[in-house]
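Colleague: Handing over run.txt, compact mmCIF, C-alpha atoms and all ligand atoms.
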# COMPACT_ATOMS: atom_id res chain seq x y z
CA MET A 299 -40.78 262.66 137.41
CA GLU A 300 -43.32 263.40 134.69
CA TYR A 301 -45.61 264.97 137.30
CA TYR A 302 -42.86 267.11 138.85
CA ARG A 303 -41.54 268.22 135.44
CA ARG A 304 -45.05 269.44 134.67
CA VAL A 305 -45.29 271.22 138.04
CA ALA A 306 -42.05 273.03 137.14
CA THR A 307 -43.35 274.18 133.75
CA SER A 308 -46.93 274.95 134.91
CA TYR A 309 -45.76 277.20 137.74
CA ASN A 310 -42.78 278.56 135.80
CA ILE A 311 -40.39 277.63 138.62
CA ASN A 312 -36.93 279.16 138.37
CA ILE A 313 -34.59 276.15 138.56
CA HIS A 314 -30.80 276.26 138.29
CA LEU A 315 -29.80 272.75 137.25
CA PHE A 316 -26.47 271.03 137.97
CA GLU A 317 -25.53 273.69 140.51
CA LYS A 318 -24.25 272.73 143.95
CA VAL A 319 -24.62 274.91 147.04
CA ILE A 320 -21.19 275.06 148.67
CA SER A 321 -21.79 277.42 151.60
CA VAL A 322 -24.41 279.52 153.34
CA SER A 323 -23.55 282.40 155.65
CA SER A 324 -25.61 284.94 157.57
CA SER A 325 -25.14 288.53 156.55
CA GLN A 326 -24.75 291.44 158.97
CA LEU A 327 -27.52 293.98 158.92
CA THR A 328 -26.23 297.02 157.08
CA ALA A 329 -27.20 300.60 157.88
CA GLY A 330 -29.97 302.09 155.75
CA SER A 331 -33.69 302.05 155.42
CA HIS A 332 -33.87 298.54 153.87
CA PRO A 333 -32.66 295.56 155.88
CA ALA A 334 -29.99 293.51 154.08
CA PRO A 335 -30.90 290.02 152.92
CA LYS A 336 -30.32 287.54 155.71
CA PHE A 337 -28.15 284.99 153.90
CA HIS A 338 -25.36 284.75 151.33
CA ILE A 339 -25.27 281.54 149.33
CA ASN A 340 -22.24 280.42 147.32
CA THR A 341 -22.51 277.71 144.70
CA ASN A 342 -20.09 276.15 142.25
CA LYS A 343 -21.49 278.54 139.63
CA GLY A 344 -22.31 281.79 141.38
CA ALA A 345 -23.46 283.70 144.46
CA TYR A 346 -26.93 284.64 145.70
CA THR A 347 -28.65 286.36 148.59
CA ALA A 348 -31.89 285.27 150.27
CA ASP A 349 -34.16 286.13 153.18
CA ASN A 350 -35.30 282.53 153.64
CA ILE A 351 -33.71 279.21 152.70
CA ILE A 352 -35.41 275.84 152.32
CA ILE A 353 -32.97 272.94 152.30
CA ALA A 354 -34.30 269.72 150.72
CA THR A 355 -31.07 267.88 149.95
CA GLY A 356 -32.41 264.34 150.38
CA PHE A 357 -30.06 261.47 151.14
CA TYR A 358 -28.32 260.39 147.95
CA ASP A 359 -25.17 262.47 148.43
CA ILE A 360 -22.87 259.92 150.03
CA PRO A 361 -23.01 256.28 148.86
CA TYR A 362 -22.17 253.48 151.29
CA LEU A 363 -19.02 251.98 149.79
CA LEU A 364 -18.25 248.29 149.42
CA ASN A 365 -14.65 248.96 150.54
CA ILE A 366 -13.19 246.15 148.46
CA PRO A 367 -10.41 245.92 145.87
CA GLY A 368 -11.56 247.07 142.43
CA GLU A 369 -14.36 249.36 143.64
CA ASP A 370 -12.57 252.26 141.95
CA LEU A 371 -12.72 250.65 138.48
CA SER A 372 -14.77 252.62 135.94
CA LYS A 373 -17.11 249.63 135.48
CA VAL A 374 -18.39 250.09 139.05
CA THR A 375 -21.05 252.69 139.83
CA HIS A 376 -23.04 253.66 142.90
CA TYR A 377 -25.44 255.73 140.79
CA TYR A 378 -27.55 253.78 138.29
CA LYS A 379 -28.94 256.01 135.54
CA GLU A 380 -30.34 254.17 132.55
CA PRO A 381 -30.54 250.58 131.36
CA HIS A 382 -29.58 250.51 127.66
CA LEU A 383 -25.86 250.84 128.39
CA TYR A 384 -26.03 247.36 129.92
CA ALA A 385 -27.82 245.54 127.08
CA PHE A 386 -26.19 242.17 126.28
CA GLN A 387 -23.68 242.68 129.14
CA LYS A 388 -23.02 240.71 132.31
CA VAL A 389 -24.26 242.90 135.17
CA ILE A 390 -23.92 242.37 138.92
CA VAL A 391 -26.33 244.35 141.08
CA ALA A 392 -25.27 244.53 144.73
CA GLY A 393 -28.12 245.10 147.21
CA ALA A 394 -31.77 244.14 147.58
CA MET A 395 -33.62 247.37 148.29
CA ASN A 396 -35.55 249.72 145.96
CA SER A 397 -32.56 251.01 143.95
CA ALA A 398 -31.11 247.53 143.47
CA VAL A 399 -34.44 246.01 142.49
CA ASP A 400 -35.24 248.77 139.98
CA ALA A 401 -31.76 248.50 138.44
CA ALA A 402 -31.97 244.70 138.21
CA LEU A 403 -35.42 244.68 136.60
CA GLU A 404 -34.74 247.53 134.17
CA THR A 405 -31.36 246.26 132.95
CA TRP A 406 -32.72 242.71 132.61
CA ARG A 407 -35.66 244.04 130.57
CA LYS A 408 -33.18 245.72 128.18
CA GLY A 409 -31.26 242.49 127.64
CA ALA A 410 -28.64 242.42 130.39
CA GLU A 411 -27.63 239.16 132.05
CA VAL A 412 -28.23 240.09 135.70
CA THR A 413 -26.90 238.54 138.91
CA MET A 414 -27.99 240.09 142.21
CA VAL A 415 -25.58 239.72 145.11
CA ILE A 416 -27.60 240.03 148.31
CA ARG A 417 -26.15 240.06 151.83
CA GLU A 418 -29.46 239.02 153.40
CA ALA A 419 -31.61 235.92 152.83
CA GLN A 420 -34.32 237.73 150.85
CA ILE A 421 -35.34 240.77 148.82
CA GLY A 422 -35.81 243.76 151.18
CA GLU A 423 -39.19 243.91 152.89
CA ARG A 424 -39.42 247.67 152.30
CA VAL A 425 -39.21 247.30 148.51
CA LYS A 426 -42.33 248.87 146.99
CA TYR A 427 -45.19 246.40 147.34
CA TRP A 428 -46.08 246.58 143.67
CA VAL A 429 -42.49 245.87 142.56
CA ARG A 430 -41.47 243.17 145.07
CA PRO A 431 -43.57 240.35 143.52
CA ASP A 432 -42.10 241.21 140.11
CA ILE A 433 -38.48 240.75 141.21
CA ILE A 434 -39.30 237.65 143.28
CA ASN A 435 -41.00 236.03 140.29
CA ARG A 436 -38.13 236.94 137.92
CA ILE A 437 -35.72 235.28 140.36
CA LYS A 438 -37.96 232.21 140.80
CA GLU A 439 -38.25 231.65 137.05
CA GLY A 440 -34.46 232.03 136.70
CA SER A 441 -34.55 235.15 134.50
CA ILE A 442 -32.54 237.08 137.11
CA LYS A 443 -30.03 235.19 139.21
CA ALA A 444 -29.87 235.93 142.96
CA LEU A 445 -27.05 234.93 145.30
CA TYR A 446 -28.44 235.29 148.83
CA ASN A 447 -26.34 235.55 152.01
CA SER A 448 -23.49 236.58 149.74
CA THR A 449 -21.02 239.47 149.49
CA ILE A 450 -18.71 240.74 146.77
CA LYS A 451 -15.08 240.37 147.82
CA ALA A 452 -13.09 241.72 144.84
CA ILE A 453 -13.79 243.25 141.44
CA ARG A 454 -11.50 242.92 138.43
CA GLU A 455 -11.88 244.11 134.81
CA ASP A 456 -13.64 240.96 133.60
CA GLU A 457 -14.59 239.00 136.73
CA VAL A 458 -15.79 239.31 140.32
CA ASP A 459 -15.14 237.21 143.44
CA ILE A 460 -18.20 236.54 145.60
CA GLU A 461 -18.36 234.91 149.01
CA THR A 462 -21.43 232.63 149.02
CA PRO A 463 -22.73 230.13 151.61
CA GLY A 464 -21.15 227.43 149.39
CA GLY A 465 -17.73 229.12 149.36
CA LEU A 466 -15.88 231.68 147.24
CA ILE A 467 -16.92 231.78 143.59
CA THR A 468 -15.63 233.83 140.65
CA ILE A 469 -18.00 234.90 137.87
CA LYS A 470 -17.47 236.70 134.56
CA ASN A 471 -18.63 240.31 134.72
CA ASP A 472 -18.78 243.53 132.69
CA TRP A 473 -20.46 246.00 135.10
CA VAL A 474 -21.16 246.28 138.83
CA LEU A 475 -24.10 248.41 140.01
CA ALA A 476 -23.40 248.86 143.72
CA MET A 477 -26.87 249.81 144.99
CA THR A 478 -25.83 249.59 148.63
CA GLY A 479 -27.57 252.66 149.95
CA TYR A 480 -26.78 256.27 150.64
CA GLN A 481 -26.45 258.67 153.53
CA PRO A 482 -27.36 262.34 153.72
CA ASP A 483 -24.69 265.02 153.90
CA LEU A 484 -25.52 266.06 157.46
CA ASP A 485 -22.20 267.88 157.85
CA PHE A 486 -23.52 270.35 155.28
CA LEU A 487 -26.31 271.21 157.75
CA SER A 488 -23.90 271.43 160.71
CA LYS A 489 -21.66 273.86 158.84
CA ILE A 490 -24.66 276.16 158.38
CA GLY A 491 -25.31 276.05 162.12
CA ILE A 492 -28.20 273.57 162.18
CA ARG A 493 -27.98 271.46 165.32
CA LEU A 494 -28.14 267.64 165.06
CA SER A 495 -29.14 265.23 167.83
CA ASP A 496 -26.26 263.50 169.64
CA ASP A 497 -27.50 259.97 168.91
CA ALA A 498 -26.75 257.86 165.83
CA ILE A 499 -29.76 259.24 163.92
CA ARG A 500 -28.35 262.82 164.04
CA THR A 501 -31.84 264.30 163.65
CA PRO A 502 -31.72 267.96 162.60
CA GLU A 503 -33.36 270.37 165.05
CA ILE A 504 -36.62 271.58 163.51
CA ASN A 505 -39.93 272.94 164.75
CA THR A 506 -42.36 270.30 163.46
CA GLU A 507 -45.14 272.88 163.11
CA THR A 508 -43.15 275.18 160.83
CA TYR A 509 -40.15 273.10 159.70
CA GLU A 510 -37.93 276.02 160.64
CA THR A 511 -34.57 274.91 162.05
CA ASN A 512 -32.79 276.37 165.06
CA VAL A 513 -31.31 278.86 162.54
CA LYS A 514 -34.10 281.39 162.05
CA ASN A 515 -35.36 281.60 158.45
CA ILE A 516 -33.68 278.34 157.40
CA PHE A 517 -36.17 275.50 156.84
CA LEU A 518 -35.78 271.80 156.08
CA ALA A 519 -38.08 269.76 153.85
CA GLY A 520 -38.25 266.17 152.67
CA VAL A 521 -36.17 263.17 153.66
CA ILE A 522 -33.34 265.24 155.16
CA CYS A 523 -35.65 266.05 158.13
CA GLY A 524 -35.19 262.44 159.32
CA GLY A 525 -31.39 262.63 159.61
CA MET A 526 -29.84 259.17 159.22
CA ASN A 527 -33.31 257.63 159.43
CA THR A 528 -33.71 257.88 155.67
CA HIS A 529 -36.71 255.59 155.22
CA ARG A 530 -39.11 257.36 157.63
CA LEU A 531 -39.97 260.06 155.11
CA PHE A 532 -40.72 259.66 151.42
CA ILE A 533 -42.63 261.57 148.77
CA GLU A 534 -46.18 260.99 149.99
CA ASN A 535 -45.57 261.88 153.64
CA SER A 536 -43.27 264.88 152.98
CA ARG A 537 -45.66 267.01 150.96
CA GLU A 538 -47.05 268.68 154.10
CA HIS A 539 -43.58 270.15 154.79
CA ALA A 540 -43.84 272.52 151.82
CA GLU A 541 -47.26 273.81 152.86
CA LYS A 542 -46.18 274.50 156.45
CA ILE A 543 -42.96 276.19 155.36
CA ILE A 544 -44.57 278.49 152.82
CA ARG A 545 -47.33 279.44 155.27
CA THR A 546 -44.67 280.34 157.87
CA ILE A 547 -42.62 282.38 155.40
CA LYS A 548 -45.73 284.23 154.20
CA GLU A 549 -46.81 285.00 157.77
CA GLY A 550 -43.27 286.21 158.58
CA SER A 551 -43.14 288.56 155.62
CA ARG A 552 -46.65 289.91 156.47
CA MET A 553 -45.51 290.65 160.02
CA ASN A 554 -42.39 292.38 158.69
CA GLY A 555 -44.55 294.72 156.70
C1 LIG B 601 -35.22 253.50 143.22
C2 LIG B 601 -36.09 254.34 144.12
C3 LIG B 601 -37.47 254.32 143.99
C4 LIG B 601 -38.28 255.11 144.81
N1 LIG B 601 -39.63 255.07 144.65
C5 LIG B 601 -40.43 255.84 145.43
C6 LIG B 601 -41.87 255.85 145.29
O1 LIG B 601 -42.41 255.17 144.42
N2 LIG B 601 -42.60 256.64 146.14
C7 LIG B 601 -42.00 257.42 147.11
O2 LIG B 601 -42.70 258.13 147.85
N3 LIG B 601 -40.66 257.44 147.23
C8 LIG B 601 -39.87 256.68 146.44
N4 LIG B 601 -38.51 256.71 146.59
C9 LIG B 601 -37.96 257.60 147.59
C10 LIG B 601 -37.92 259.01 147.04
O3 LIG B 601 -37.07 259.04 145.91
C11 LIG B 601 -37.40 259.94 148.10
O4 LIG B 601 -38.16 259.80 149.26
C12 LIG B 601 -37.52 261.39 147.61
O5 LIG B 601 -36.84 261.57 146.39
C13 LIG B 601 -36.93 262.32 148.65
O6 LIG B 601 -37.17 263.63 148.21
P1 LIG B 601 -36.29 264.83 148.73
O7 LIG B 601 -36.78 266.03 147.98
O8 LIG B 601 -36.28 264.86 150.21
O9 LIG B 601 -34.80 264.50 148.28
P2 LIG B 601 -34.22 264.10 146.84
O10 LIG B 601 -35.28 263.67 145.89
O11 LIG B 601 -33.08 263.17 147.11
O12 LIG B 601 -33.67 265.48 146.29
C14 LIG B 601 -32.51 266.09 146.84
C15 LIG B 601 -31.96 267.04 145.82
O13 LIG B 601 -31.03 267.91 146.44
C16 LIG B 601 -29.90 268.04 145.61
N5 LIG B 601 -28.75 268.45 146.44
C17 LIG B 601 -28.12 267.77 147.44
N6 LIG B 601 -27.12 268.50 147.97
C18 LIG B 601 -27.12 269.67 147.31
C19 LIG B 601 -26.33 270.86 147.36
N7 LIG B 601 -25.33 271.01 148.26
N8 LIG B 601 -26.59 271.87 146.49
C20 LIG B 601 -27.60 271.77 145.59
N9 LIG B 601 -28.40 270.68 145.49
C21 LIG B 601 -28.15 269.65 146.33
C22 LIG B 601 -29.75 266.67 144.98
O14 LIG B 601 -28.94 266.75 143.82
C23 LIG B 601 -31.21 266.36 144.68
O15 LIG B 601 -31.62 266.91 143.45
C24 LIG B 601 -37.69 255.94 145.77
C25 LIG B 601 -36.29 255.99 145.90
C26 LIG B 601 -35.49 255.20 145.09
C27 LIG B 601 -33.98 255.26 145.24
Could I get this structure in the form of structure tokens?
Ligand SMILES: Cc1cc2nc3c(=O)[nH]c(=O)nc-3n(C[C@H](O)[C@H](O)[C@H](O)COP(=O)(O)OP(=O)(O)OC[C@H]3O[C@@H](n4cnc5c(N)ncnc54)[C@H](O)[C@@H]3O)c2cc1C

Modeller:
Amino acid sequence: MEYYRRVATSYNINIHLFEKVISVSSSQLTAGSHPAPKFHINTNKGAYTADNIIIATGFYDIPYLLNIPGEDLSKVTHYYKEPHLYAFQKVIVAGAMNSAVDAALETWRKGAEVTMVIREAQIGERVKYWVRPDIINRIKEGSIKALYNSTIKAIREDEVDIETPGGLITIKNDWVLAMTGYQPDLDFLSKIGIRLSDDAIRTPEINTETYETNVKNIFLAGVICGGMNTHRLFIENSREHAEKIIRTIKEGSRMNG
């Protein structure tokens, strides 16, 4: 984040924060010597026009829900932000992938009493290799408690029911961080006219040389290119998207005069 914040200031990038794109529509070419911009974009704060659009919406839009009683309580969150809120509190972290592990370690380091509730028999194998030993050692030494092969069944204001291999248990609890994964908003792409594959992955249709979609002048970058396969792409292997897209846009504008 430090690096990207500095990129934003160094290159004086025009960023509109906390603004959500609601719709994108193609504009009709109007009569006159200058062609009209190709797209109209509406957001929750305003309206814009553009000749090219790059969509890099990632995959954190829609959390996978626990679908259990009490999930709607204000003590439950699917988006972990910062650890100090949880100091000296009893925290349950559901999940065992990167988000869950980061939340467990950070809140524990700020004084939370952390219990991880993990459906599987171990911490996820795709957790970053430099973080995985840390969480495993914290669990081994008993600093962070882990309930493996377990699922949360119900959440109440001051306690939580958990199904464990030894039977149903109830533990005292102040906060639940439900780090159970996310899915991309692929319907957003469909509404714009971007085609998705028919299989479960729903891969958006892109030219892998240019990252242009089947809608001319709309490009995709980053994790969203993988559709539901959200772990195929990450920061390091998505950087090439930007280069290819900008080269294509530059070549297009050169050809258009
Ligand atoms: C805990 C954790 C640790 C990680 N650690 C690493 C790591 O060390 N190295 C690594 O390579 N990857 C790591 N990742 C993965 C990495 O975060 C993602 O691969 C990367 O952020 C994806 O980048 P992106 O630009 O495709 O999407 P994102 O970073 O998800 O960005 C998408 C952006 O689009 C915005 N957006 C969505 N819809 C709209 C809309 N309609 N209108 C306007 N804006 C919208 C979102 O608000 C968001 O700002 C980690 C992920 C997690 C959860």

Colleague: What do you get as a ChimeraX atom specification if you pick all residues at most 7 Å from ligand LIG 601 (chain B), counting only C-alpha atoms and all ligand atoms?

Modeller: /A:317-320,354-359,396-397,400,426,519-522,531-534

Colleague: Which residues, written as a list in words, have at least one atom at most 7 Å from Ile351 of chain A, with only C-alpha atoms counted and residues fewer than 6 positions away on the same chain left out?

Modeller: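 Here the answer would be Asn515, Ile516 and Phe517 of chain A.
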
Colleague: So which residues touch Lys443 of chain A within 12 Å, counting all atoms listed in the file, skipping near sequence neighbours fewer than 3 positions away, as a compact mmCIF listing (two decimals) with C-alpha atoms, keeping the file's coordinate frame?

Modeller:
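As written to disk, out.txt reads:
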# COMPACT_ATOMS: atom_id res chain seq x y z
CA LYS A 388 -23.02 240.71 132.31
CA VAL A 389 -24.26 242.90 135.17
CA ILE A 390 -23.92 242.37 138.92
CA VAL A 391 -26.33 244.35 141.08
CA ALA A 392 -25.27 244.53 144.73
CA ALA A 402 -31.97 244.70 138.21
CA LEU A 403 -35.42 244.68 136.60
CA TRP A 406 -32.72 242.71 132.61
CA ALA A 410 -28.64 242.42 130.39
CA GLU A 411 -27.63 239.16 132.05
CA VAL A 412 -28.23 240.09 135.70
CA THR A 413 -26.90 238.54 138.91
CA MET A 414 -27.99 240.09 142.21
CA VAL A 415 -25.58 239.72 145.11
CA ILE A 416 -27.60 240.03 148.31
CA ILE A 433 -38.48 240.75 141.21
CA ILE A 434 -39.30 237.65 143.28
CA ASN A 435 -41.00 236.03 140.29
CA ARG A 436 -38.13 236.94 137.92
CA ILE A 437 -35.72 235.28 140.36
CA LYS A 438 -37.96 232.21 140.80
CA GLU A 439 -38.25 231.65 137.05
CA GLY A 440 -34.46 232.03 136.70
CA TYR A 446 -28.44 235.29 148.83

Colleague: For a quick check of understanding, using only C-alpha atoms, which of A:Ser372, A:Gln387, A:Asn350, A:Ser441 has the smallest distance to Lys470 of chain A?

Modeller: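 Closest to Lys470 of chain A of all the choices is A:Gln387.
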
Colleague: Would you work out the distance separating atom CA of Ile421 of chain A from atom CA of Ile467 of chain A, expressed in Å to one decimal?

Modeller: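 Pair atom CA of Ile421 of chain A / atom CA of Ile467 of chain A returns 21.2 Å.
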
Colleague: What is the distance, in Å and to one decimal place, between atom CA of Glu457 of chain A and atom CA of Leu371 of chain A?

Modeller: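 Atom CA of Glu457 of chain A sits 11.9 Å away from atom CA of Leu371 of chain A.
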
Colleague: Rounded to one decimal, what separation in Å do you get between atom CA of Ala398 of chain A and atom CA of Leu445 of chain A?

Modeller: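 Answer for the atom CA of Ala398 of chain A to atom CA of Leu445 of chain A separation: 13.4 Å.
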
Colleague: How would segment 538-549 of chain A look with all heavy atoms restored, written as a CSV table (one decimal), keeping the file's coordinate frame?

Modeller:
chain,number,residue,atom,x,y,z
A,538,GLU,N,-46.6,267.7,153.1
A,538,GLU,CA,-47.0,268.7,154.1
A,538,GLU,C,-45.9,269.7,154.5
A,538,GLU,O,-46.2,270.8,154.9
A,538,GLU,CB,-47.6,268.0,155.3
A,538,GLU,CG,-46.6,267.0,156.0
A,538,GLU,CD,-46.9,266.8,157.5
A,538,GLU,OE1,-47.9,267.3,158.0
A,538,GLU,OE2,-46.1,266.1,158.1
A,539,HIS,N,-44.7,269.3,154.4
A,539,HIS,CA,-43.6,270.2,154.8
A,539,HIS,C,-43.7,271.5,154.0
A,539,HIS,O,-43.6,272.5,154.6
A,539,HIS,CB,-42.2,269.5,154.5
A,539,HIS,CG,-42.0,268.2,155.2
A,539,HIS,ND1,-40.8,267.5,155.1
A,539,HIS,CD2,-42.8,267.5,156.1
A,539,HIS,CE1,-40.9,266.4,155.8
A,539,HIS,NE2,-42.1,266.4,156.4
A,540,ALA,N,-43.8,271.3,152.7
A,540,ALA,CA,-43.8,272.5,151.8
A,540,ALA,C,-44.9,273.5,152.3
A,540,ALA,O,-44.7,274.7,152.4
A,540,ALA,CB,-44.0,272.1,150.4
A,541,GLU,N,-46.1,273.0,152.5
A,541,GLU,CA,-47.3,273.8,152.9
A,541,GLU,C,-47.0,274.6,154.1
A,541,GLU,O,-47.2,275.8,154.2
A,541,GLU,CB,-48.5,272.9,153.1
A,541,GLU,CG,-49.6,273.2,152.2
A,541,GLU,CD,-50.7,272.2,152.4
A,541,GLU,OE1,-50.7,271.1,151.8
A,541,GLU,OE2,-51.7,272.6,153.1
A,542,LYS,N,-46.5,273.9,155.1
A,542,LYS,CA,-46.2,274.5,156.4
A,542,LYS,C,-45.1,275.6,156.3
A,542,LYS,O,-45.2,276.6,156.9
A,542,LYS,CB,-45.8,273.4,157.5
A,542,LYS,CG,-46.9,272.6,157.9
A,542,LYS,CD,-46.5,271.5,158.9
A,542,LYS,CE,-47.7,270.7,159.4
A,542,LYS,NZ,-47.3,269.7,160.3
A,543,ILE,N,-44.1,275.2,155.5
A,543,ILE,CA,-43.0,276.2,155.4
A,543,ILE,C,-43.4,277.5,154.7
A,543,ILE,O,-43.2,278.6,155.1
A,543,ILE,CB,-41.8,275.5,154.5
A,543,ILE,CG1,-41.2,274.4,155.4
A,543,ILE,CG2,-40.8,276.6,154.1
A,543,ILE,CD1,-40.2,273.5,154.6
A,544,ILE,N,-44.2,277.3,153.6
A,544,ILE,CA,-44.6,278.5,152.8
A,544,ILE,C,-45.5,279.3,153.6
A,544,ILE,O,-45.4,280.6,153.6
A,544,ILE,CB,-45.2,278.1,151.5
A,544,ILE,CG1,-44.1,277.3,150.6
A,544,ILE,CG2,-45.7,279.3,150.7
A,544,ILE,CD1,-42.9,278.1,150.3
A,545,ARG,N,-46.4,278.7,154.4
A,545,ARG,CA,-47.3,279.4,155.3
A,545,ARG,C,-46.5,280.3,156.3
A,545,ARG,O,-46.8,281.4,156.5
A,545,ARG,CB,-48.3,278.5,156.0
A,545,ARG,CG,-49.5,279.2,156.6
A,545,ARG,CD,-50.4,278.3,157.4
A,545,ARG,NE,-50.7,277.0,156.7
A,545,ARG,CZ,-50.6,275.8,157.2
A,545,ARG,NH1,-50.1,275.7,158.4
A,545,ARG,NH2,-50.9,274.8,156.6
A,546,THR,N,-45.5,279.6,156.9
A,546,THR,CA,-44.7,280.3,157.9
A,546,THR,C,-43.9,281.5,157.2
A,546,THR,O,-43.9,282.6,157.8
A,546,THR,CB,-43.6,279.4,158.5
A,546,THR,OG1,-44.4,278.2,158.9
A,546,THR,CG2,-42.9,280.0,159.6
A,547,ILE,N,-43.4,281.3,156.1
A,547,ILE,CA,-42.6,282.4,155.4
A,547,ILE,C,-43.6,283.5,155.1
A,547,ILE,O,-43.3,284.7,155.3
A,547,ILE,CB,-41.9,281.9,154.1
A,547,ILE,CG1,-40.7,280.9,154.6
A,547,ILE,CG2,-41.3,283.0,153.3
A,547,ILE,CD1,-40.0,280.2,153.4
A,548,LYS,N,-44.8,283.2,154.6
A,548,LYS,CA,-45.7,284.2,154.2
A,548,LYS,C,-46.1,285.0,155.4
A,548,LYS,O,-46.2,286.3,155.4
A,548,LYS,CB,-47.0,283.6,153.6
A,548,LYS,CG,-46.9,283.4,152.1
A,548,LYS,CD,-48.1,282.7,151.6
A,548,LYS,CE,-48.5,283.1,150.2
A,548,LYS,NZ,-49.7,282.3,149.8
A,549,GLU,N,-46.4,284.3,156.5
A,549,GLU,CA,-46.8,285.0,157.8
A,549,GLU,C,-45.7,285.9,158.2
A,549,GLU,O,-45.9,287.0,158.6
A,549,GLU,CB,-47.2,284.0,158.9
A,549,GLU,CG,-48.6,283.5,158.7
A,549,GLU,CD,-48.9,282.3,159.6
A,549,GLU,OE1,-48.1,281.9,160.4
A,549,GLU,OE2,-50.0,281.7,159.3
